[in-house]
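Following: one structure in structure tokens, then a few remarks.
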Amino acid sequence: APQIVWFRRDLRLADQAALAAAAAAGPVIPVYILDDETPRHRRMGAASRWWLHHSLTALARQLDERGSRLILRSGSAAENLAKLVAETGASSIHALHHYEPWWRNAETALRKALPPGVQLHLHHGNYLLPPGSVKTGSGTDFKIYTPFWRALNQHMPPSAPLSAPRAMTVPLRWPASEALDAWRLLPRHPDWATGFGDWTPGEAGALAQLEWFEPFASRYDSRRNLPSVEGSSRLSPHLHFGEVSPATVWHRLMGKGGEVETYLKELVWRDYAQNLILSMPDYGNRNGKSQFDALPWRDIEQPTVAAELLAWQQGRTGYPIVDAGMRQLWTTGWMHNRVRMIAASFLIKHLLIDWRVGEQWFWDTLVDADYASNAANWQWVAGSGVDANMFVRIMAPLSQSEKFDAGAYIRRWVPELRELPEPWLHDPTGHGQWVRGYPKAIIGHREARERALAAFAGIKGG
Ligand code: FAD
């Protein structure tokens with residue numbers, strides 16, 4: 001009997017345990033469902049939709065080349081899959097595990113909707129170790145990253161990646177598919193996304209990116225914090241959409257020596273974030289530390305606050321490093337990690353705007369927008385997370401900019417400042433430099449710092 005493979009954020013053929021199991025069991029029907037309808041299903045953001053369009057195109061092409069097809073459906077995943085089972089006589093559905101709360105709800109709904117005898121088989125492979133499987137000595141979930149890394153690392157390397165199935169049987173009759181273009185995933189007025197052309201979504205693009213990065217992996221630690229240098233792998237959207245498995249990345253880079261361990265440790269942050277949402281499904285909109293519920297965030301409905309939020313979103317705060325990052329995000333769907341921390345800290349502490357507002361903006365604009373990683377990092381910066389930076393450690397964007405030598409990065413993304421020499425470039429307002437077309441700092445660092453500290457001092461237990 002036919003086997004349905006339900007693709008989600010695992011758009012690859014190699015090291016795809018669901019596909020491998022289905023191919024071994026019978027004719028394969030590959031399916032992707034765009035679910036914008038199920039209540040509490042977090043709708044994908046605009047940048048992610050752009051990526052999804054191209055990644056599905058690439059996956060469909062790969063399947064075509066093997067004589068197979070990608071069947072597209074939209075609406076509730078559970079209802080669509082139950083319908084497909086009825087249409088095709090499939091005896092099983094294979095999928096990889098995902099941990100976003102809405103996917104777990106969809107799996108529960110699907111199990112209820114399936115006729116007796118038809119099984120949903122969930123396989124592992126999107127994380128280095130199955131989330132929930134690494135526990136502390138006393139059997140509880142880890143809250144803190146470093147001991148989590150140590151415990152996980154004892155089980156590394158992960159099992160060797162599977163290769164793509166060599167042969168796939170096709171069903172006698174294909175079920176109908178919707179047309180990808182009808183989903184209108186691409187932006188209709190792309191004033192943003194002008195730099196998205198540098199990305200190559202899809203499995204081949206992911207592997208090419210990994211190959212590009214390989215020679216730099218042993219120097220990762222010295223280069224990754226410098227926004228002016230391309231020192232990180234830029235694999236994040238590929239990993240998010242599962243175009244390459246983390247086991248594949250690990251096996252490719254392990255043993256490269258030098259600073260590669262720092263890289264593998266970063267990769268483990270991805271696993272760590274999934275473990276957090278598995279034990280705290282609403283981590284994306286609820287403070288890890290409840291005393292933060294009382295923090296007097298400024299009200300974004302107020303015109304002055306709304307205008308400052310807009311300045312942050314558009315990269316017009318007058319803080320060059322923040323503005324460069326926010327414009328890189330708007331144009332390319334990605335931002336350098338060090339700058340993400342600086343820009344997030346600026347919103348939370350300098351503007352005293354709730355981290356959830358920033359989380360939502362990143363959710364819409366990042367091509368790597370990931371429920372768990374986004375929440376874990378925003379909460380880390382805010383200080384509200386279960387493992388977090390302290391709120392009172394307020395990043396100084398201007399000195400961060402000098403320390404990490406962001407000059408070339410600023411010149412690239414904030415062309416108004418191109419002619420300014422260092423050190424003015426990092427802080428034109430502080431140096432009394434007025435630059436045509438570039439705003440003065442919307443708030444002074446000292447003033448902002450004092451306001452944030454006062455707000456924090458007011459919350460109990462802080
Ligand atoms: P590399 O430095 O090459 O790292 C390799 C891989 O490890 C990344 O591709 C990513 O999958 C993983 N990784 C690295 N750092 C982290 C981290 N801190 N947390 C989780 N995984 C990590 N990353 C996302 O994938 N999605 C998000 O939505 C996201 N939101 C963020 C929000 C904020 C406020 C901050 C400060 C960071 C966020 N990150 C997020 C983490 C990090 O910035 C990106 O993963 C990284 O910049 C991606 O670039 P890269 O692939 O070159 O990373």
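By convention in this document, the chains of the structure tokens carry letters A, B, ... by their order, each chain's residues are numbered from 1, and ligands are numbered from 1 in the order they are shown.
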
Subject >> Close residues, range 5-19 of chain A itself excluded, 9 Å, only C-alpha atoms, min 2 positions apart in chain, as an NGL selection string >> reply: :A and (3 or 21-24 or 28-34 or 55-56 or 58-59 or 62-63 or 81 or 92-96 or 98 or 121-126 or 160-165 or 202-203 or 239-245 or 247-248)

Subject >> Near-ligand residues for ligand 1, threshold 6 Å, only C-alpha atoms and all ligand atoms, as a list in words >> reply: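 Within the 6 Å cut-off, the matching residues are Ser232, Ser233, Arg234, Leu235, Ser236, Leu239, Glu266, Leu267, Trp269, Arg270, His336, Asn337, Arg340, Met341, Ala344, Asp368, Ala369, Asp370, Ser373, Asn374, Asn377 and Trp378 of chain A.
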
Original post:
Quick one: distance from CA of Val367 in chain A to CA of Ala46 in chain A in Å, one decimal?
Top reply: 8.5 Å

Subject >> Among the residues A:Glu308, A:Glu100, A:Glu214, A:Asp141, the one that comes closest to Ile443 in chain A [using only C-alpha atoms] >> reply: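 Closest to Ile443 in chain A of all the choices is A:Glu308.
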
Original post:
Any idea what the distance is between CA of Ala324 in chain A and CA of Val414 in chain A?
Top reply: 5.7 Å

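Every protein or nucleic acid residue with an atom no more than 12 Å from Asp405 in chain A, counting only C-alpha atoms and leaving out same-chain residues fewer than 6 positions away, appears here: Arg223, Asn225, Leu226, Pro227, Ser228, Val229, Ile321, Arg338, Val339, Leu398, Ser399, Arg411, Glu422, Pro423, Leu425 and His426 of chain A.
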
Write the residues of the preceding selection, restricted to N, CA and C atoms, as a short mmCIF file (atom, residue, chain, number, x, y, z; two decimals), in the first residue's frame.
```
data_model
loop_
_atom_site.label_atom_id
_atom_site.label_comp_id
_atom_site.auth_asym_id
_atom_site.auth_seq_id
_atom_site.Cartn_x
_atom_site.Cartn_y
_atom_site.Cartn_z
N ARG A 223 36.54 34.61 14.02
CA ARG A 223 35.90 35.42 12.98
C ARG A 223 34.41 35.66 13.19
N ASN A 225 32.45 36.80 15.45
CA ASN A 225 31.88 37.99 16.09
C ASN A 225 32.10 39.27 15.31
N LEU A 226 32.75 39.17 14.16
CA LEU A 226 33.09 40.38 13.41
C LEU A 226 32.08 40.57 12.27
N PRO A 227 31.17 41.53 12.41
CA PRO A 227 30.13 41.68 11.39
C PRO A 227 30.70 42.02 10.01
N SER A 228 31.89 42.62 9.96
CA SER A 228 32.44 43.02 8.67
C SER A 228 33.02 41.84 7.90
N VAL A 229 33.13 40.69 8.58
CA VAL A 229 33.76 39.51 7.97
C VAL A 229 32.68 38.45 7.78
N ILE A 321 25.36 50.92 14.28
CA ILE A 321 25.44 49.46 14.28
C ILE A 321 24.03 48.84 14.30
N ARG A 338 26.07 38.70 16.27
CA ARG A 338 26.49 39.73 17.24
C ARG A 338 25.57 40.95 17.12
N VAL A 339 25.23 41.30 15.88
CA VAL A 339 24.39 42.47 15.65
C VAL A 339 22.94 42.17 16.07
N LEU A 398 27.46 51.53 21.06
CA LEU A 398 28.52 52.29 20.42
C LEU A 398 29.88 51.64 20.67
N SER A 399 30.11 51.19 21.92
CA SER A 399 31.42 50.58 22.15
C SER A 399 31.48 49.17 21.57
N ARG A 411 29.42 50.87 6.80
CA ARG A 411 29.51 51.56 5.50
C ARG A 411 28.69 50.83 4.44
N GLU A 422 36.59 56.84 11.11
CA GLU A 422 36.50 56.29 12.46
C GLU A 422 37.16 57.32 13.39
N PRO A 423 36.80 57.47 14.63
CA PRO A 423 35.76 56.71 15.30
C PRO A 423 34.37 57.32 15.15
N LEU A 425 32.30 57.33 12.82
CA LEU A 425 31.39 56.43 12.15
C LEU A 425 30.53 55.62 13.12
N HIS A 426 31.13 55.24 14.24
CA HIS A 426 30.39 54.41 15.19
C HIS A 426 29.37 55.22 15.99
#
```

Original post:
Quick one: of A:Ser177, A:Thr38, A:Gln328, A:Ser222, who's nearest to Ala109 in chain A, counting only C-alpha atoms?
Top reply: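 Once distances to Ala109 in chain A are computed over only C-alpha atoms, the minimum belongs to A:Thr38.
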
Subject >> Residues flagged strand (DSSP E or B) by DSSP in range 43-181 of chain A, as a VMD selection string >> reply: chain A and resid 71 to 74 92 to 96 119 to 123 135 141

Go ahead and write the residues just picked, N, CA and C atoms, as a tab-separated table (two decimals), in the first residue's frame.
```tsv
chain	number	residue	atom	x	y	z
A	71	ILE	N	3.15	16.51	-3.81
A	71	ILE	CA	1.73	16.86	-3.76
A	71	ILE	C	1.55	18.00	-2.76
A	72	LEU	N	0.91	19.08	-3.22
A	72	LEU	CA	0.70	20.25	-2.36
A	72	LEU	C	-0.76	20.38	-1.99
A	73	ARG	N	-0.99	20.64	-0.72
A	73	ARG	CA	-2.35	20.89	-0.25
A	73	ARG	C	-2.30	22.04	0.75
A	74	SER	N	-3.40	22.76	0.91
A	74	SER	CA	-3.42	23.81	1.92
A	74	SER	C	-4.61	23.64	2.84
A	92	SER	N	0.17	4.12	5.77
A	92	SER	CA	0.94	4.80	6.81
A	92	SER	C	1.28	6.21	6.38
A	93	ILE	N	1.50	7.06	7.38
A	93	ILE	CA	2.06	8.40	7.15
A	93	ILE	C	3.38	8.45	7.90
A	94	HIS	N	4.43	8.86	7.19
A	94	HIS	CA	5.73	9.01	7.84
A	94	HIS	C	6.11	10.48	7.88
A	95	ALA	N	6.63	10.92	9.02
A	95	ALA	CA	7.06	12.31	9.14
A	95	ALA	C	8.20	12.36	10.14
A	96	LEU	N	8.92	13.46	10.13
A	96	LEU	CA	9.94	13.67	11.16
A	96	LEU	C	9.29	14.41	12.33
A	119	GLN	N	-1.41	4.29	10.44
A	119	GLN	CA	-0.52	4.79	11.50
A	119	GLN	C	0.22	6.06	11.07
A	120	LEU	N	0.46	6.91	12.05
A	120	LEU	CA	1.39	8.03	11.86
A	120	LEU	C	2.71	7.61	12.51
A	121	HIS	N	3.77	7.49	11.70
A	121	HIS	CA	5.08	7.13	12.24
A	121	HIS	C	5.95	8.37	12.28
A	122	LEU	N	6.40	8.73	13.47
A	122	LEU	CA	7.29	9.89	13.59
A	122	LEU	C	8.73	9.42	13.79
A	123	HIS	N	9.62	9.98	12.99
A	123	HIS	CA	11.04	9.58	13.03
A	123	HIS	C	11.89	10.76	13.51
A	135	LYS	N	18.85	14.44	29.82
A	135	LYS	CA	18.31	14.87	31.12
A	135	LYS	C	19.46	15.11	32.09
A	141	ASP	N	14.68	18.19	33.10
A	141	ASP	CA	15.15	18.87	31.88
A	141	ASP	C	16.20	19.92	32.23
```
